[in-house]
$ cat work_26.cif   # mmCIF, C-alpha atoms
data_upload
#
loop_
_atom_site.group_PDB
_atom_site.id
_atom_site.type_symbol
_atom_site.label_atom_id
_atom_site.label_comp_id
_atom_site.auth_asym_id
_atom_site.auth_seq_id
_atom_site.Cartn_x
_atom_site.Cartn_y
_atom_site.Cartn_z
ATOM 1 C CA MET B 1 106.622 74.829 95.497
ATOM 2 C CA ARG B 2 105.245 76.511 92.383
ATOM 3 C CA VAL B 3 101.704 75.619 91.358
ATOM 4 C CA ARG B 4 99.942 76.673 88.217
ATOM 5 C CA PRO B 5 96.502 78.163 89.017
ATOM 6 C CA TRP B 6 94.673 75.893 86.563
ATOM 7 C CA ILE B 7 95.887 72.817 88.472
ATOM 8 C CA THR B 8 94.290 73.827 91.761
ATOM 9 C CA GLY B 9 91.147 74.950 89.970
ATOM 10 C CA THR B 10 90.880 71.626 88.163
ATOM 11 C CA LEU B 11 91.413 69.710 91.401
ATOM 12 C CA LEU B 12 88.744 71.738 93.200
ATOM 13 C CA VAL B 13 86.195 71.138 90.440
ATOM 14 C CA THR B 14 87.104 67.457 90.067
ATOM 15 C CA GLY B 15 86.967 66.833 93.816
ATOM 16 C CA THR B 16 83.585 68.504 94.062
ATOM 17 C CA ILE B 17 82.150 66.504 91.159
ATOM 18 C CA VAL B 18 83.567 63.158 92.338
ATOM 19 C CA GLY B 19 82.420 63.761 95.922
ATOM 20 C CA THR B 20 78.965 64.799 94.766
ATOM 21 C CA LEU B 21 78.602 61.772 92.516
ATOM 22 C CA GLY B 22 79.480 59.527 95.445
ATOM 23 C CA GLY B 23 76.678 60.955 97.557
ATOM 24 C CA ALA B 24 74.155 61.453 94.764
ATOM 25 C CA ARG B 25 72.618 58.005 95.065
ATOM 26 C CA MET B 26 70.931 58.435 98.423
ATOM 27 C CA PRO B 27 70.407 56.226 100.388
ATOM 28 C CA ASP B 28 73.042 54.029 98.664
ATOM 29 C CA VAL B 29 76.016 56.348 99.173
ATOM 30 C CA SER B 30 79.282 55.326 97.531
ATOM 31 C CA TRP B 31 81.712 56.021 100.340
ATOM 32 C CA ALA B 32 84.691 55.188 98.136
ATOM 33 C CA LEU B 33 83.649 57.788 95.557
ATOM 34 C CA SER B 34 82.759 60.393 98.184
ATOM 35 C CA GLY B 35 86.048 59.744 100.000
ATOM 36 C CA SER B 36 88.002 60.068 96.769
ATOM 37 C CA GLY B 37 86.352 63.418 96.101
ATOM 38 C CA LEU B 38 87.175 64.543 99.623
ATOM 39 C CA LEU B 39 90.827 63.514 99.214
ATOM 40 C CA ILE B 40 91.065 65.454 95.945
ATOM 41 C CA LEU B 41 89.599 68.522 97.690
ATOM 42 C CA VAL B 42 92.056 68.176 100.570
ATOM 43 C CA LEU B 43 94.942 67.957 98.076
ATOM 44 C CA ALA B 44 93.688 71.093 96.307
ATOM 45 C CA GLY B 45 93.387 72.864 99.657
ATOM 46 C CA LEU B 46 96.951 71.938 100.607
ATOM 47 C CA LEU B 47 98.237 73.218 97.276
ATOM 48 C CA LEU B 48 96.358 76.468 97.768
ATOM 49 C CA ARG B 49 97.682 76.836 101.301
ATOM 50 C CA PHE B 50 101.311 75.859 100.834
ATOM 51 C CA GLY B 51 101.976 76.300 97.115
ATOM 52 C CA LYS B 52 102.669 79.592 95.427
ATOM 53 C CA THR B 53 101.297 80.461 92.048
ATOM 54 C CA GLU B 54 103.620 82.059 89.536
ATOM 55 C CA GLY B 55 101.880 85.405 90.058
ATOM 56 C CA GLU B 56 102.336 85.209 93.832
ATOM 57 C CA GLU B 57 106.052 84.524 93.422
ATOM 58 C CA ALA B 58 106.420 87.652 91.309
ATOM 59 C CA ALA B 59 104.304 89.630 93.760
ATOM 60 C CA GLY B 60 106.463 88.544 96.685
ATOM 61 C CA ARG B 61 109.706 89.453 94.970
ATOM 62 C CA ASP B 62 111.749 92.217 96.546
ATOM 63 C CA VAL B 63 110.806 95.637 95.189
ATOM 64 C CA GLY B 64 114.262 97.083 95.876
ATOM 65 C CA PRO B 65 115.568 97.103 92.283
ATOM 66 C CA GLU B 66 112.384 98.686 90.937
ATOM 67 C CA LEU B 67 112.362 101.244 93.741
ATOM 68 C CA GLN B 68 115.975 102.188 92.949
ATOM 69 C CA ASP B 69 115.098 102.450 89.249
ATOM 70 C CA LEU B 70 112.103 104.650 90.059
ATOM 71 C CA ALA B 71 114.218 106.937 92.253
ATOM 72 C CA SER B 72 116.853 107.259 89.540
ATOM 73 C CA ARG B 73 114.376 107.922 86.752
ATOM 74 C CA LEU B 74 112.430 110.446 88.837
ATOM 75 C CA ALA B 75 115.680 112.304 89.580
ATOM 76 C CA SER B 76 116.424 112.464 85.832
ATOM 77 C CA LEU B 77 112.897 113.628 85.082
ATOM 78 C CA ASN B 78 113.175 116.270 87.804
ATOM 79 C CA GLU B 79 116.339 117.651 86.173
ATOM 80 C CA GLU B 80 114.592 117.884 82.785
ATOM 81 C CA ALA B 81 111.206 119.044 84.091
ATOM 82 C CA LYS B 82 111.830 122.812 83.922
ATOM 83 C CA SER B 83 112.516 122.602 80.199
ATOM 84 C CA LEU B 84 109.612 120.264 79.373
ATOM 85 C CA PRO B 85 106.150 121.376 78.347
ATOM 86 C CA LEU B 86 103.666 120.466 81.081
ATOM 87 C CA SER B 87 101.829 118.114 78.722
ATOM 88 C CA GLU B 88 105.075 116.156 78.265
ATOM 89 C CA LEU B 89 105.595 116.069 82.029
ATOM 90 C CA VAL B 90 102.106 114.565 82.411
ATOM 91 C CA LEU B 91 102.945 111.873 79.848
ATOM 92 C CA ARG B 92 106.299 111.032 81.441
ATOM 93 C CA ILE B 93 104.827 110.777 84.943
ATOM 94 C CA SER B 94 101.980 108.634 83.587
ATOM 95 C CA ALA B 95 104.480 106.292 81.952
ATOM 96 C CA LEU B 96 106.487 105.942 85.185
ATOM 97 C CA ASP B 97 103.279 105.327 87.081
ATOM 98 C CA ALA B 98 102.250 102.482 84.788
ATOM 99 C CA GLU B 99 105.726 100.962 84.499
ATOM 100 C CA LEU B 100 107.008 101.211 88.079
ATOM 101 C CA VAL B 101 104.797 102.976 90.630
ATOM 102 C CA ARG B 102 101.743 100.739 90.332
ATOM 103 C CA PRO B 103 103.674 97.438 90.229
ATOM 104 C CA ILE B 104 105.710 98.493 93.273
ATOM 105 C CA SER B 105 102.589 99.562 95.139
ATOM 106 C CA GLU B 106 100.822 96.300 94.352
ATOM 107 C CA ARG B 107 103.718 94.245 95.724
ATOM 108 C CA THR B 108 104.599 96.245 98.830
ATOM 109 C CA PRO B 109 102.024 94.616 101.162
ATOM 110 C CA ARG B 110 103.749 91.273 100.649
ATOM 111 C CA MET B 111 106.942 92.835 101.982
ATOM 112 C CA LEU B 112 105.328 93.368 105.396
ATOM 113 C CA LYS B 113 106.056 89.829 106.564
ATOM 114 C CA ARG B 114 109.644 89.974 105.356
ATOM 115 C CA LEU B 115 110.469 93.370 106.852
ATOM 116 C CA GLY B 116 108.342 93.385 109.990
ATOM 117 C CA ALA B 117 105.705 95.984 110.772
ATOM 118 C CA GLU B 118 107.941 98.730 112.139
ATOM 119 C CA ARG B 119 110.537 98.690 109.352
ATOM 120 C CA PHE B 120 107.851 98.221 106.698
ATOM 121 C CA GLY B 121 106.001 101.276 108.039
ATOM 122 C CA GLU B 122 109.119 103.414 108.012
ATOM 123 C CA ILE B 123 110.070 102.504 104.459
ATOM 124 C CA PHE B 124 106.719 102.271 102.751
ATOM 125 C CA GLY B 125 105.129 105.125 104.675
ATOM 126 C CA THR B 126 107.817 107.306 103.105
ATOM 127 C CA TYR B 127 107.269 105.626 99.741
ATOM 128 C CA ALA B 128 103.509 106.269 99.948
ATOM 129 C CA SER B 129 104.162 109.949 100.686
ATOM 130 C CA GLY B 130 106.444 110.097 97.652
ATOM 131 C CA GLU B 131 103.796 108.396 95.560
ATOM 132 C CA ARG B 132 101.211 110.996 96.674
ATOM 133 C CA ALA B 133 103.641 113.825 95.879
ATOM 134 C CA LEU B 134 104.135 112.352 92.412
ATOM 135 C CA ALA B 135 100.361 112.232 91.941
ATOM 136 C CA ARG B 136 100.201 115.901 92.994
ATOM 137 C CA ALA B 137 102.909 116.709 90.442
ATOM 138 C CA TRP B 138 100.914 114.948 87.728
ATOM 139 C CA SER B 139 97.699 116.721 88.728
ATOM 140 C CA ALA B 140 99.349 120.149 88.883
ATOM 141 C CA ALA B 141 100.995 119.598 85.494
ATOM 142 C CA ALA B 142 97.667 118.490 84.024
ATOM 143 C CA ASP B 143 96.100 121.683 85.456
ATOM 144 C CA ALA B 144 98.925 123.770 83.921
ATOM 145 C CA HIS B 145 100.244 124.892 87.315
ATOM 146 C CA ALA B 146 103.984 124.672 86.722
ATOM 147 C CA PRO B 147 105.299 125.866 90.118
ATOM 148 C CA GLU B 148 103.258 123.263 92.045
ATOM 149 C CA ALA B 149 104.076 120.524 89.508
ATOM 150 C CA LEU B 150 107.817 121.164 89.804
ATOM 151 C CA ALA B 151 107.762 121.497 93.610
ATOM 152 C CA SER B 152 105.732 118.294 94.019
ATOM 153 C CA LEU B 153 107.995 116.407 91.621
ATOM 154 C CA ALA B 154 111.095 117.507 93.552
ATOM 155 C CA HIS B 155 109.420 116.491 96.829
ATOM 156 C CA SER B 156 108.528 113.113 95.325
ATOM 157 C CA VAL B 157 112.113 112.542 94.214
ATOM 158 C CA ARG B 158 113.398 113.193 97.748
ATOM 159 C CA LEU B 159 110.857 110.855 99.383
ATOM 160 C CA ILE B 160 111.217 108.018 96.866
ATOM 161 C CA ARG B 161 115.014 108.227 97.131
ATOM 162 C CA GLU B 162 114.743 108.154 100.942
ATOM 163 C CA ALA B 163 112.519 105.051 100.801
ATOM 164 C CA SER B 164 114.853 103.349 98.320
ATOM 165 C CA ASP B 165 117.918 104.103 100.439
ATOM 166 C CA ALA B 166 116.151 102.841 103.574
ATOM 167 C CA LEU B 167 115.154 99.586 101.873
ATOM 168 C CA SER B 168 118.595 98.905 100.427
ATOM 169 C CA GLY B 169 120.372 99.976 103.608
ATOM 170 C CA GLY B 170 118.905 97.381 105.901
#

$ encode --input "work_26.cif" --output "C-alpha cells"
Amino acid sequence: MRVRPWITGTLLVTGTIVGTLGGARMPDVSWALSGSGLLILVLAGLLLRFGKTEGEEAAGRDVGPELQDLASRLASLNEEAKSLPLSELVLRISALDAELVRPISERTPRMLKRLGAERFGEIFGTYASGERALARAWSAAADAHAPEALASLAHSVRLIREASDALSGG
C-alpha cells in the first residue's frame, strides 16, 4: 500500500492533539477523546509500519537497469578517456556520479533483503570496489595524474561490469 508522507504526519499530529485534549481536564478525563486520539495514533503507526511512501518504493526498486547503464557508460567513457583533457574527464565522472553512482549507492542497502546477505555481499562488495576505483580515477584526473586516472577508470569499468553481470545473472 502506498502512503503519502503528509498523511501519516497529519495523523500523528492529530492523534497527539486529540489524545492530549482528552486528558487535559484532570481529574475529569474524557476517555472517549483520549481513546480516539489513541486510535488515530495506532492507525498512523500501522501506516508507518506496513505502508510504503512513494520515496521508499523508488528506493526499493531494483538497481539492475541503472547498474547496467552505468557499466555501459563507463565503458564508453573509458574508450574516450585517452583523448580527453583531464578536466573533461573530471566533469564526465562527476556527472555519472550524480546521475547514477549516488542513486544506486543509496538504494543498494534495500536490496539486501531481496538478495540475501551472501549474494548481496558478492554483488555489492564488487560494486563498492568499482565505486572506489571510480573515485580514485576522478581524484587522479583532478590532480592531473593521467596514468593513475586512466588505470583506475579501467579498473572501475571491470568491477562495475562484473557487479552488473552478477546482478542480472541471478

$ resolve_selection --input "work_26.cif" --expression "the PyMOL selection byres ((chain B and resi 100) around 10)" --output "ChimeraX atom specification"
/B:63,66-67,69-70,95-99,101-105

$ closest_residue --input "work_26.cif" --among "B:Leu167, B:Leu150, B:Leu91, B:Ile40" --to "Arg114 in chain B" --atoms "only C-alpha atoms"
B:Leu167

$ closest_residue --input "work_26.cif" --among "B:Thr20, B:Ser87, B:Ser139, B:Ser156" --to "Thr126 in chain B" --atoms "only C-alpha atoms"
B:Ser156

$ resolve_selection --input "work_26.cif" --expression "the PyMOL selection byres ((chain B and resi 22) around 10)" --output "list in words"
Thr16, Ile17, Val18, Gly19, Thr20, Leu21, Gly23, Ala24, Arg25, Met26, Asp28, Val29, Ser30, Trp31, Ala32, Leu33, Ser34, Gly35, Ser36 and Gly37 of chain B

$ residues_around --input "work_26.cif" --residues "range 44-49 of chain B" --least-positions-apart "6" --cutoff "9 Å" --atoms "all atoms listed in the file" --output "MDAnalysis selection string"
chainID B and resid 1 3 5 7:12 15

$ write_last_selection --input "work_26.cif" --atoms "C-alpha atoms" --output "tab-separated table (two decimals), keeping the file's coordinate frame"
chain	number	residue	atom	x	y	z
B	1	MET	CA	106.62	74.83	95.50
B	3	VAL	CA	101.70	75.62	91.36
B	5	PRO	CA	96.50	78.16	89.02
B	7	ILE	CA	95.89	72.82	88.47
B	8	THR	CA	94.29	73.83	91.76
B	9	GLY	CA	91.15	74.95	89.97
B	10	THR	CA	90.88	71.63	88.16
B	11	LEU	CA	91.41	69.71	91.40
B	12	LEU	CA	88.74	71.74	93.20
B	15	GLY	CA	86.97	66.83	93.82

$ atom_distance --input "work_26.cif" --atom1 "CA of Pro65 in chain B" --atom2 "CA of Glu148 in chain B"
28.9 Å

$ closest_atom_pairs --input "work_26.cif" --of "range 88-138 of chain B" --to "range 157-160 of chain B" --cutoff "10 Å" --atoms "all atoms listed in the file" --output "JSON lines"
{"residue": "B:Ile123", "atom": "CA", "partner": "B:Ile160", "partner_atom": "CA", "distance": 9.5}
{"residue": "B:Phe124", "atom": "CA", "partner": "B:Ile160", "partner_atom": "CA", "distance": 9.4}
{"residue": "B:Gly125", "atom": "CA", "partner": "B:Leu159", "partner_atom": "CA", "distance": 9.7}
{"residue": "B:Thr126", "atom": "CA", "partner": "B:Leu159", "partner_atom": "CA", "distance": 6.0}
{"residue": "B:Tyr127", "atom": "CA", "partner": "B:Ile160", "partner_atom": "CA", "distance": 5.4}
{"residue": "B:Ala128", "atom": "CA", "partner": "B:Ile160", "partner_atom": "CA", "distance": 8.5}
{"residue": "B:Ser129", "atom": "CA", "partner": "B:Leu159", "partner_atom": "CA", "distance": 6.9}
{"residue": "B:Gly130", "atom": "CA", "partner": "B:Leu159", "partner_atom": "CA", "distance": 4.8}
{"residue": "B:Glu131", "atom": "CA", "partner": "B:Ile160", "partner_atom": "CA", "distance": 7.5}
{"residue": "B:Ala133", "atom": "CA", "partner": "B:Leu159", "partner_atom": "CA", "distance": 8.6}
{"residue": "B:Leu134", "atom": "CA", "partner": "B:Val157", "partner_atom": "CA", "distance": 8.2}

$ write_last_selection --input "work_26.cif" --atoms "C-alpha atoms" --output "compact mmCIF listing (two decimals), in the coordinates of the input"
# COMPACT_ATOMS: atom_id res chain seq x y z
CA ILE B 123 110.07 102.50 104.46
CA PHE B 124 106.72 102.27 102.75
CA GLY B 125 105.13 105.12 104.68
CA THR B 126 107.82 107.31 103.10
CA TYR B 127 107.27 105.63 99.74
CA ALA B 128 103.51 106.27 99.95
CA SER B 129 104.16 109.95 100.69
CA GLY B 130 106.44 110.10 97.65
CA GLU B 131 103.80 108.40 95.56
CA ALA B 133 103.64 113.82 95.88
CA LEU B 134 104.14 112.35 92.41

$ atom_distance --input "work_26.cif" --atom1 "CA of Asn78 in chain B" --atom2 "CA of Ser168 in chain B"
22.1 Å

$ atom_distance --input "work_26.cif" --atom1 "CA of Val42 in chain B" --atom2 "CA of Arg110 in chain B"
25.9 Å

$ closest_residue --input "work_26.cif" --among "B:Arg136, B:Arg4, B:Arg161, B:His145" --to "Leu86 in chain B" --atoms "all atoms listed in the file"
B:His145

$ residues_around --input "work_26.cif" --residues "Ala81 in chain B" --least-positions-apart "2" --cutoff "10 Å" --atoms "only C-alpha atoms" --output "VMD selection string"
chain B and resid 74 to 79 83 to 86 88 to 89 92 146 149 to 150 153 to 154

$ closest_residue --input "work_26.cif" --among "B:Asp62, B:Glu80, B:Ala151, B:Asp143" --to "Leu112 in chain B" --atoms "all atoms listed in the file"
B:Asp62

$ closest_residue --input "work_26.cif" --among "B:Thr108, B:Ser72, B:His155, B:Phe50" --to "Ala135 in chain B" --atoms "all atoms listed in the file"
B:His155
